[in-house]
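coords_31.tsv follows; it contains TSV, C-alpha atoms.
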```
chain	number	residue	atom	x	y	z
A	1	MET	CA	153.71	136.53	106.63
A	2	LYS	CA	152.25	137.11	103.16
A	3	SER	CA	152.39	140.59	101.72
A	4	ILE	CA	149.31	142.41	100.44
A	5	ARG	CA	150.75	142.15	96.92
A	6	SER	CA	151.26	138.40	97.35
A	7	ASP	CA	147.67	137.97	98.48
A	8	PHE	CA	146.49	140.08	95.53
A	9	LYS	CA	148.48	138.01	93.04
A	10	SER	CA	147.24	134.77	94.58
A	11	GLY	CA	143.63	135.90	94.30
A	12	ARG	CA	144.16	137.20	90.78
A	13	ASN	CA	145.79	133.96	89.67
A	14	GLN	CA	142.92	131.91	91.06
A	15	GLN	CA	140.50	134.21	89.23
A	16	ILE	CA	142.42	133.74	85.97
A	17	TYR	CA	142.33	129.97	86.44
A	18	ASN	CA	138.61	129.98	87.22
A	19	GLU	CA	137.82	132.10	84.18
A	20	TYR	CA	139.89	129.86	81.93
A	21	VAL	CA	138.25	126.60	83.01
A	22	SER	CA	134.70	127.94	83.20
A	23	SER	CA	134.40	129.97	80.01
A	24	ASP	CA	135.17	129.80	76.32
A	25	THR	CA	138.19	132.06	76.48
A	26	SER	CA	141.84	131.94	75.45
A	27	PHE	CA	145.24	132.73	76.93
A	28	ASN	CA	145.47	135.79	74.68
A	29	ARG	CA	142.12	137.19	75.77
A	30	LEU	CA	142.93	136.72	79.45
A	31	ALA	CA	146.35	138.27	78.90
A	32	ARG	CA	144.74	141.42	77.50
A	33	LYS	CA	142.20	141.55	80.32
A	34	TYR	CA	144.80	141.25	83.10
A	35	ASN	CA	147.57	143.13	81.29
A	36	ILE	CA	150.06	140.26	81.38
A	37	SER	CA	151.61	138.09	78.67
A	38	PRO	CA	149.83	135.01	77.23
A	39	GLN	CA	152.82	132.96	78.37
A	40	ARG	CA	152.26	134.17	81.93
A	41	VAL	CA	148.58	133.22	81.76
A	42	GLN	CA	149.52	129.75	80.54
A	43	PHE	CA	152.05	129.39	83.36
A	44	ILE	CA	149.45	130.44	85.95
A	45	VAL	CA	146.88	127.95	84.67
A	46	ASN	CA	149.38	125.09	84.54
A	47	ASP	CA	150.84	125.99	87.94
A	48	LEU	CA	147.45	125.97	89.65
A	49	LYS	CA	146.61	122.67	88.01
A	50	LYS	CA	149.85	121.14	89.30
A	51	LYS	CA	149.27	122.48	92.81
A	52	GLY	CA	145.79	121.04	92.80
A	53	LEU	CA	144.12	124.38	93.51
A	54	GLY	CA	141.56	123.56	90.86
A	55	ILE	CA	141.14	119.99	92.07
A	56	LYS	CA	138.46	119.28	94.64
A	57	LEU	CA	138.28	115.50	94.58
A	58	THR	CA	140.38	113.21	96.78
A	59	LEU	CA	140.36	109.45	97.15
A	60	SER	CA	138.52	109.85	100.45
A	61	SER	CA	135.86	112.22	99.08
A	62	LEU	CA	132.20	111.27	99.40
A	63	LYS	CA	130.38	109.76	96.44
A	64	LYS	CA	128.22	112.85	96.03
A	65	ASP	CA	131.41	114.91	95.67
A	66	ARG	CA	132.62	112.45	93.06
A	67	GLU	CA	129.38	112.95	91.11
A	68	GLU	CA	129.59	116.74	91.29
A	69	TYR	CA	133.22	116.63	90.18
A	70	LYS	CA	132.43	114.32	87.28
A	71	ASN	CA	129.56	116.56	86.17
A	72	ALA	CA	131.88	119.58	86.32
A	73	ALA	CA	134.36	117.71	84.14
A	74	ILE	CA	131.61	116.97	81.63
A	75	GLU	CA	130.65	120.64	81.47
A	76	LEU	CA	134.28	121.63	80.95
A	77	ARG	CA	134.58	119.06	78.19
A	78	GLU	CA	131.51	120.44	76.43
A	79	ALA	CA	132.96	123.94	76.85
A	80	GLY	CA	136.06	122.86	74.94
A	81	LYS	CA	138.47	122.59	77.90
A	82	LEU	CA	139.52	119.11	76.84
A	83	GLU	CA	142.91	118.66	78.51
A	84	ILE	CA	141.58	119.88	81.85
A	85	SER	CA	138.53	117.64	81.57
A	86	LEU	CA	140.78	114.63	80.84
A	87	GLU	CA	142.78	115.37	83.98
A	88	MET	CA	139.57	115.58	85.97
A	89	PHE	CA	138.24	112.34	84.49
A	90	SER	CA	141.51	110.66	85.48
A	91	LYS	CA	140.95	111.83	89.06
A	92	VAL	CA	137.46	110.33	88.97
A	93	ILE	CA	138.87	107.05	87.60
A	94	ASP	CA	141.38	106.98	90.47
A	95	TRP	CA	138.51	107.50	92.93
A	96	ASP	CA	136.44	104.74	91.31
A	97	GLU	CA	139.31	102.25	91.37
A	98	LYS	CA	140.16	103.06	94.99
A	99	ASN	CA	136.53	102.80	96.07
A	100	HIS	CA	135.65	99.76	93.91
A	101	ASN	CA	133.01	101.74	92.04
A	102	ILE	CA	132.84	99.61	88.89
A	103	ARG	CA	129.65	101.23	87.62
A	104	GLY	CA	131.14	104.68	87.99
A	105	LEU	CA	134.39	103.54	86.39
A	106	VAL	CA	132.56	102.28	83.33
A	107	ASP	CA	130.64	105.54	83.08
A	108	VAL	CA	133.63	107.86	83.34
A	109	MET	CA	135.67	105.83	80.84
A	110	GLY	CA	132.95	106.67	78.36
A	111	HIS	CA	133.24	110.36	79.16
A	112	LYS	CA	137.00	110.11	78.74
A	113	ARG	CA	136.38	108.64	75.31
A	114	ILE	CA	134.32	111.66	74.34
A	115	ALA	CA	137.15	114.00	75.35
A	116	PHE	CA	139.64	112.09	73.20
A	117	SER	CA	137.14	112.15	70.37
A	118	LEU	CA	136.73	115.92	70.62
A	119	MET	CA	140.51	116.33	70.65
A	120	ALA	CA	140.57	114.30	67.46
A	121	ASP	CA	138.00	116.69	65.99
A	122	ALA	CA	140.31	119.62	66.68
A	123	GLU	CA	143.39	117.91	65.24
A	124	VAL	CA	144.24	118.87	61.65
A	125	ASP	CA	146.83	116.16	61.04
A	126	ASN	CA	144.99	113.01	59.95
A	127	LYS	CA	147.60	110.66	61.40
A	128	LYS	CA	147.35	112.29	64.83
A	129	LYS	CA	143.58	112.41	64.50
A	130	LEU	CA	143.45	108.66	63.94
A	131	GLU	CA	145.74	108.10	66.95
A	132	LEU	CA	143.38	110.10	69.17
A	133	LEU	CA	140.39	108.20	67.82
A	134	LYS	CA	142.22	104.98	68.62
A	135	GLN	CA	142.66	106.15	72.23
A	136	ALA	CA	138.99	107.01	72.34
A	137	GLU	CA	138.02	103.61	70.99
A	138	GLU	CA	140.30	101.85	73.47
A	139	ALA	CA	138.64	103.70	76.34
A	140	SER	CA	135.20	102.49	75.26
A	141	ARG	CA	136.28	98.91	74.63
A	142	LYS	CA	138.03	98.82	78.01
A	143	ALA	CA	134.89	100.10	79.72
A	144	ILE	CA	132.73	97.46	78.03
A	145	GLU	CA	135.22	94.70	78.80
A	146	SER	CA	135.52	95.76	82.46
A	147	ALA	CA	131.76	95.72	82.90
A	148	GLU	CA	131.18	92.43	81.12
A	149	LYS	CA	133.92	90.71	83.14
A	150	LYS	CA	132.09	91.54	86.35
A	151	GLY	CA	129.00	89.76	85.08
A	152	ILE	CA	126.72	92.04	87.10
A	153	LYS	CA	123.24	92.08	85.59
A	154	ASP	CA	122.41	95.63	86.55
A	155	LEU	CA	125.45	96.86	84.63
A	156	ALA	CA	123.57	96.20	81.38
A	157	GLY	CA	122.57	99.85	81.17
A	158	SER	CA	126.15	101.02	81.67
A	159	ILE	CA	127.39	98.61	79.01
A	160	ALA	CA	124.73	99.92	76.63
A	161	ILE	CA	125.94	103.49	77.15
A	162	GLN	CA	129.52	102.47	76.43
A	163	LYS	CA	128.44	100.72	73.25
A	164	VAL	CA	126.86	103.96	72.04
A	165	HIS	CA	130.09	105.78	72.88
A	166	LEU	CA	132.07	103.20	70.93
A	167	VAL	CA	129.72	103.58	67.97
A	168	GLY	CA	130.41	107.31	67.94
A	169	THR	CA	134.14	106.69	67.72
A	170	ILE	CA	133.77	104.14	64.95
A	171	ILE	CA	131.65	106.58	62.94
A	172	LYS	CA	134.30	109.28	63.21
A	173	ARG	CA	137.07	106.90	62.21
A	174	VAL	CA	135.10	105.56	59.25
A	175	SER	CA	134.23	109.09	58.12
A	176	LEU	CA	137.93	109.90	58.08
A	177	ILE	CA	139.07	106.76	56.25
A	178	GLY	CA	136.09	106.37	53.92
A	179	ALA	CA	132.88	104.36	54.30
A	180	ASP	CA	133.62	102.23	51.23
A	181	LYS	CA	136.71	100.84	52.99
A	182	CYS	CA	135.01	100.17	56.32
A	183	THR	CA	131.83	98.19	55.66
A	184	ARG	CA	132.74	95.62	58.32
A	185	ASP	CA	133.30	98.37	60.91
A	186	LEU	CA	129.95	99.95	60.06
A	187	LEU	CA	128.12	96.64	60.40
A	188	GLU	CA	129.80	96.10	63.77
A	189	ALA	CA	128.69	99.60	64.81
A	190	LEU	CA	125.13	98.93	63.67
A	191	LYS	CA	124.97	95.77	65.77
A	192	LEU	CA	126.45	97.59	68.75
A	193	VAL	CA	123.88	100.39	68.65
A	194	GLU	CA	120.96	98.01	68.13
A	195	ASP	CA	122.12	95.96	71.12
A	196	ALA	CA	122.55	99.15	73.15
A	197	LEU	CA	119.03	100.39	72.43
A	198	LYS	CA	117.61	97.27	74.10
A	199	ASP	CA	119.22	98.09	77.46
A	200	LEU	CA	119.81	101.84	77.35
A	201	PRO	CA	118.67	103.36	80.66
A	202	GLY	CA	117.05	106.71	81.25
A	203	SER	CA	114.38	108.67	79.47
A	204	LYS	CA	113.14	108.42	75.91
A	205	SER	CA	115.17	111.56	75.22
A	206	HIS	CA	118.27	109.58	76.16
A	207	LYS	CA	117.40	107.06	73.44
A	208	SER	CA	117.47	109.88	70.89
A	209	TRP	CA	121.21	110.11	71.53
A	210	ALA	CA	121.73	106.46	70.56
A	211	LEU	CA	119.37	106.76	67.60
A	212	LEU	CA	121.51	109.57	66.20
A	213	GLY	CA	124.40	107.12	65.97
A	214	LYS	CA	122.21	104.60	64.18
A	215	THR	CA	121.09	107.35	61.79
A	216	LYS	CA	124.66	108.12	60.79
A	217	ILE	CA	125.62	104.47	60.37
A	218	LEU	CA	122.68	103.79	58.06
A	219	HIS	CA	123.50	106.86	55.99
A	220	LEU	CA	127.14	105.79	55.65
A	221	LEU	CA	125.92	102.36	54.53
A	222	GLY	CA	123.85	104.04	51.82
A	223	ARG	CA	120.51	103.20	53.43
A	224	LYS	CA	119.10	106.73	53.17
A	225	GLU	CA	115.41	106.15	53.86
A	226	GLU	CA	116.15	104.02	56.90
A	227	SER	CA	118.52	106.75	58.06
A	228	LEU	CA	115.82	109.43	57.80
A	229	ASP	CA	113.25	107.23	59.51
A	230	THR	CA	115.67	106.69	62.39
A	231	LEU	CA	116.39	110.42	62.62
A	232	SER	CA	112.65	111.10	62.84
A	233	GLU	CA	112.42	108.48	65.58
A	234	ALA	CA	115.24	110.24	67.45
A	235	GLN	CA	113.38	113.55	67.28
A	236	LYS	CA	110.16	111.93	68.49
A	237	ASN	CA	111.94	110.34	71.45
A	238	LEU	CA	113.57	113.65	72.34
A	239	LEU	CA	110.12	115.24	72.67
A	240	LEU	CA	108.55	112.32	74.53
A	241	GLY	CA	111.27	112.35	77.18
A	242	TYR	CA	111.29	116.11	77.72
A	243	ASP	CA	109.33	116.24	80.98
A	244	GLU	CA	111.37	113.48	82.59
A	245	GLU	CA	114.68	115.10	81.69
A	246	MET	CA	113.63	118.56	82.83
A	247	ARG	CA	113.01	117.22	86.32
A	248	ASN	CA	116.80	116.87	86.54
A	249	LYS	CA	117.09	120.68	86.49
A	250	ASP	CA	120.50	121.94	85.33
A	251	GLN	CA	121.82	118.58	84.11
A	252	GLY	CA	118.56	117.94	82.29
A	253	ARG	CA	118.72	121.30	80.56
A	254	MET	CA	122.30	120.70	79.48
A	255	LYS	CA	121.51	117.25	78.08
A	256	MET	CA	118.44	118.45	76.20
A	257	ARG	CA	120.40	121.28	74.61
A	258	VAL	CA	123.17	118.92	73.54
A	259	TRP	CA	120.81	116.24	72.20
A	260	ALA	CA	118.49	118.69	70.42
A	261	THR	CA	121.36	120.44	68.65
A	262	GLY	CA	122.78	117.02	67.80
A	263	ILE	CA	119.57	116.22	65.92
A	264	LEU	CA	119.74	119.53	64.06
A	265	LEU	CA	123.33	118.80	63.10
A	266	ALA	CA	122.36	115.34	61.87
A	267	TYR	CA	119.77	116.91	59.58
A	268	ALA	CA	122.35	119.45	58.40
A	269	GLU	CA	124.91	116.75	57.64
A	270	PHE	CA	122.34	114.63	55.81
A	271	CYS	CA	121.21	117.56	53.67
A	272	LYS	CA	124.77	118.60	52.91
A	273	ILE	CA	125.72	115.11	51.71
A	274	GLU	CA	122.50	114.76	49.70
A	275	ASP	CA	123.06	118.11	47.94
A	276	MET	CA	120.36	120.11	49.70
A	277	PRO	CA	122.51	123.11	50.68
A	278	LEU	CA	119.64	125.45	51.61
A	279	LEU	CA	118.24	123.02	54.16
A	280	ALA	CA	121.73	122.17	55.38
A	281	GLU	CA	122.34	125.87	55.98
A	282	ILE	CA	119.04	126.34	57.84
A	283	TYR	CA	119.73	123.45	60.22
A	284	ALA	CA	123.38	124.38	60.76
A	285	GLN	CA	122.52	128.05	61.37
A	286	ALA	CA	119.99	126.98	63.99
A	287	VAL	CA	122.85	125.42	65.94
A	288	ALA	CA	125.42	128.13	65.25
A	289	ASN	CA	122.99	130.84	66.43
A	290	GLN	CA	121.74	128.94	69.47
A	291	PRO	CA	122.23	130.93	72.71
A	292	ASP	CA	124.76	129.17	74.92
A	293	PRO	CA	125.25	131.09	78.17
A	294	ASP	CA	126.58	128.01	79.96
A	295	LYS	CA	129.08	127.16	77.18
A	296	VAL	CA	127.88	123.58	76.79
A	297	LEU	CA	127.49	123.74	73.02
A	298	VAL	CA	131.02	124.71	72.01
A	299	ALA	CA	131.61	121.43	70.16
A	300	ARG	CA	128.17	121.53	68.52
A	301	LYS	CA	128.65	125.11	67.35
A	302	LYS	CA	132.08	124.26	65.97
A	303	SER	CA	130.58	121.43	63.91
A	304	ALA	CA	127.82	123.72	62.66
A	305	LYS	CA	130.32	126.37	61.58
A	306	GLU	CA	132.36	123.74	59.76
A	307	ILE	CA	129.26	122.69	57.82
A	308	LEU	CA	128.46	126.31	57.00
A	309	GLY	CA	132.06	126.89	55.94
A	310	SER	CA	132.03	123.91	53.61
A	311	LEU	CA	128.74	125.07	52.08
A	312	GLN	CA	130.25	128.49	51.43
A	313	PHE	CA	133.30	126.85	49.86
A	314	PHE	CA	131.18	124.83	47.45
A	315	ARG	CA	129.14	127.92	46.56
A	316	SER	CA	132.31	129.86	45.75
A	317	LYS	CA	133.70	126.97	43.74
A	318	SER	CA	130.53	126.53	41.69
A	319	SER	CA	130.25	130.26	40.92
A	320	SER	CA	133.86	130.59	39.75
```
As structure tokens - that is how I would like this structure written.
Amino acid sequence: MKSIRSDFKSGRNQQIYNEYVSSDTSFNRLARKYNISPQRVQFIVNDLKKKGLGIKLTLSSLKKDREEYKNAAIELREAGKLEISLEMFSKVIDWDEKNHNIRGLVDVMGHKRIAFSLMADAEVDNKKKLELLKQAEEASRKAIESAEKKGIKDLAGSIAIQKVHLVGTIIKRVSLIGADKCTRDLLEALKLVEDALKDLPGSKSHKSWALLGKTKILHLLGRKEESLDTLSEAQKNLLLGYDEEMRNKDQGRMKMRVWATGILLAYAEFCKIEDMPLLAEIYAQAVANQPDPDKVLVARKKSAKEILGSLQFFRSKSSS
């Protein structure tokens, strides 16, 4: 029979785990809150993960449970809980393979790519960063290959989504290596995104996501006016698809917040590169100061703060 203390510790540990996976917090912060060591917090989180207490998807789960679980993994990914989200995506992949859900498999491979890409963003060592980007790119290419092999016509939309994911990875890799060394990669990415836009499913707002990738490619290729025109088109599509997305309630709100701040960041990056620091600061601050009660903009805010930090660095350098 369990003791009262055992029951208390079990409940406390579950609470620690839930707080860790559902909020932008750290082991140190939780350690202070619960008056235990950071190492103990880390052990609790890892232990519950291993025991599956945080896992609610089995191979025999219903498809609606699979969808809810995948959406939860996406939210955790956007909240910066990348390793946990990768574990959850792997569970979804297992479910898809077991249940012959090729469309779902293609979709979740794309989400897995995003997680690897975000891990690459957080990595300071360039060699490790490139390795993570390679894993991200492999996930996208595998998703596209799996879908195209099936030859199912109604998978065109899923393939289009994966092409946009792949474009995002290529852009990050090229930005790290240098655009002047990667013209062929950029031209491949441009073709991928143009192909994707023909079949991309969903609302006009969804197209704004793909158009952001095209914006960045054109800018890296030195085609500035085309880049700005495409960015304006992305903003227009975001507005035109608003009503349709908002009918999706919580998921729609999350997507709109992510896409809208993505557009602001694209303007900030453009202005920073083109030596318009005041405008770059205005756009980046709009993202950095954006309320985020659901913690879905952690990655966006991090990018905004990096832009603001680099602007401050250049100001200090020029004044010295």
Using 9 Å as the limit and counting all atoms listed in the file, can you tabulate each residue of segment 202-314 of chain A that touches segment 23-35 of chain A, with its shortest atom-to-atom distance in Å and the two atoms involved, as CSV?
```
residue,atom,partner,partner_atom,distance
A:Asp294,CA,A:Ser23,CA,8.1
A:Lys295,CA,A:Ser23,CA,6.6
A:Val298,CA,A:Asp24,CA,7.9
```
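When atom CA of Ile161 of chain A is paired with atom CA of Asp107 of chain A, their separation reads 7.8 Å.
Using only C-alpha atoms, the smallest distance between any of A:Leu311, A:Lys127, A:Asp275, A:Glu75 and Val258 of chain A comes from A:Glu75.
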Show me, as a ChimeraX atom specification, the residues that have an atom within 12 Å of Leu308 of chain A when counting all atoms listed in the file, minus same-chain residues fewer than 2 positions from it. /A:265,268-269,271-272,277-289,301-306,310-315
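Look at segment 131-136 of chain A: the protein and nucleic acid residues within 8 Å of it, using only C-alpha atoms and passing over chain neighbours fewer than 6 places away, are Lys112, Arg113, Ile114, Ala115, Phe116, Ser117, Met119, Ala120, Thr169, Lys172 and Arg173 of chain A.
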Can you list, as a list of chain:residue names, every protein, DNA or RNA residue that comes within 12 Å of segment 61-66 of chain A when you count all atoms listed in the file, leaving out same-chain residues fewer than 6 positions away? A:Ile55, A:Ala72, A:Ala73, A:Met88, A:Phe89, A:Ser90, A:Lys91, A:Val92, A:Ile93, A:Asp94, A:Trp95, A:Asp96, A:Lys98, A:Asn99, A:His100, A:Asn101, A:Gly104, A:Leu105, A:Val108
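The interatomic distance for the pair atom CA of Leu264 of chain A and atom CA of Gly252 of chain A works out to 18.3 Å.
Take atom CA of Ile74 of chain A and atom CA of Tyr17 of chain A: the distance between them is 17.5 Å.
Closest approach to Ala196 of chain A from the set A:Lys181, A:Arg300, A:Lys163, A:Arg223 is made by A:Lys163, with distances taken over only C-alpha atoms.
The shortest atom-to-atom distance to Gly202 of chain A, with all atoms listed in the file taken into account, belongs to A:Tyr242 out of A:Leu220, A:Glu233, A:Val167, A:Tyr242.
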Option closest in space to Glu245 of chain A, from A:Leu190, A:Ala139, A:Gly213, A:Lys207 [counting all atoms listed in the file]: A:Lys207
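Between Glu138 of chain A and the residues A:Asn13, A:Ala122, A:Leu166, A:Asn71, the shortest atom-to-atom distance, using all atoms listed in the file, involves A:Leu166.
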So, counting all atoms listed in the file, which residue among A:Met246, A:Leu76, A:Ala299, A:Ile159 is closest to Leu197 of chain A? A:Ile159
Padding of 6 Å on every side, edges along x, y and z, all listed atoms of segment 73-86 of chain A included: what centre and edge lengths in Å, to one decimal, does that box have, as JSON?
```
{"center_x": 136.8, "center_y": 119.3, "center_z": 79.5, "size_x": 24.3, "size_y": 21.3, "size_z": 21.2}
```
If we count only C-alpha atoms, what is near Asp243 of chain A at a cut-off of 10 Å, once residues fewer than 4 positions away on the same chain are taken out, given as a PDB file with C-alpha atoms, keeping the file's coordinate frame?
```pdb
ATOM      1  CA  SER A 203     114.380 108.670  79.470  1.00  0.00           C
ATOM      2  CA  SER A 205     115.170 111.560  75.220  1.00  0.00           C
ATOM      3  CA  LEU A 238     113.570 113.650  72.340  1.00  0.00           C
ATOM      4  CA  LEU A 239     110.120 115.240  72.670  1.00  0.00           C
ATOM      5  CA  ARG A 247     113.010 117.220  86.320  1.00  0.00           C
ATOM      6  CA  ASN A 248     116.800 116.870  86.540  1.00  0.00           C
ATOM      7  CA  GLY A 252     118.560 117.940  82.290  1.00  0.00           C
TER       8      GLY A 252
END
```
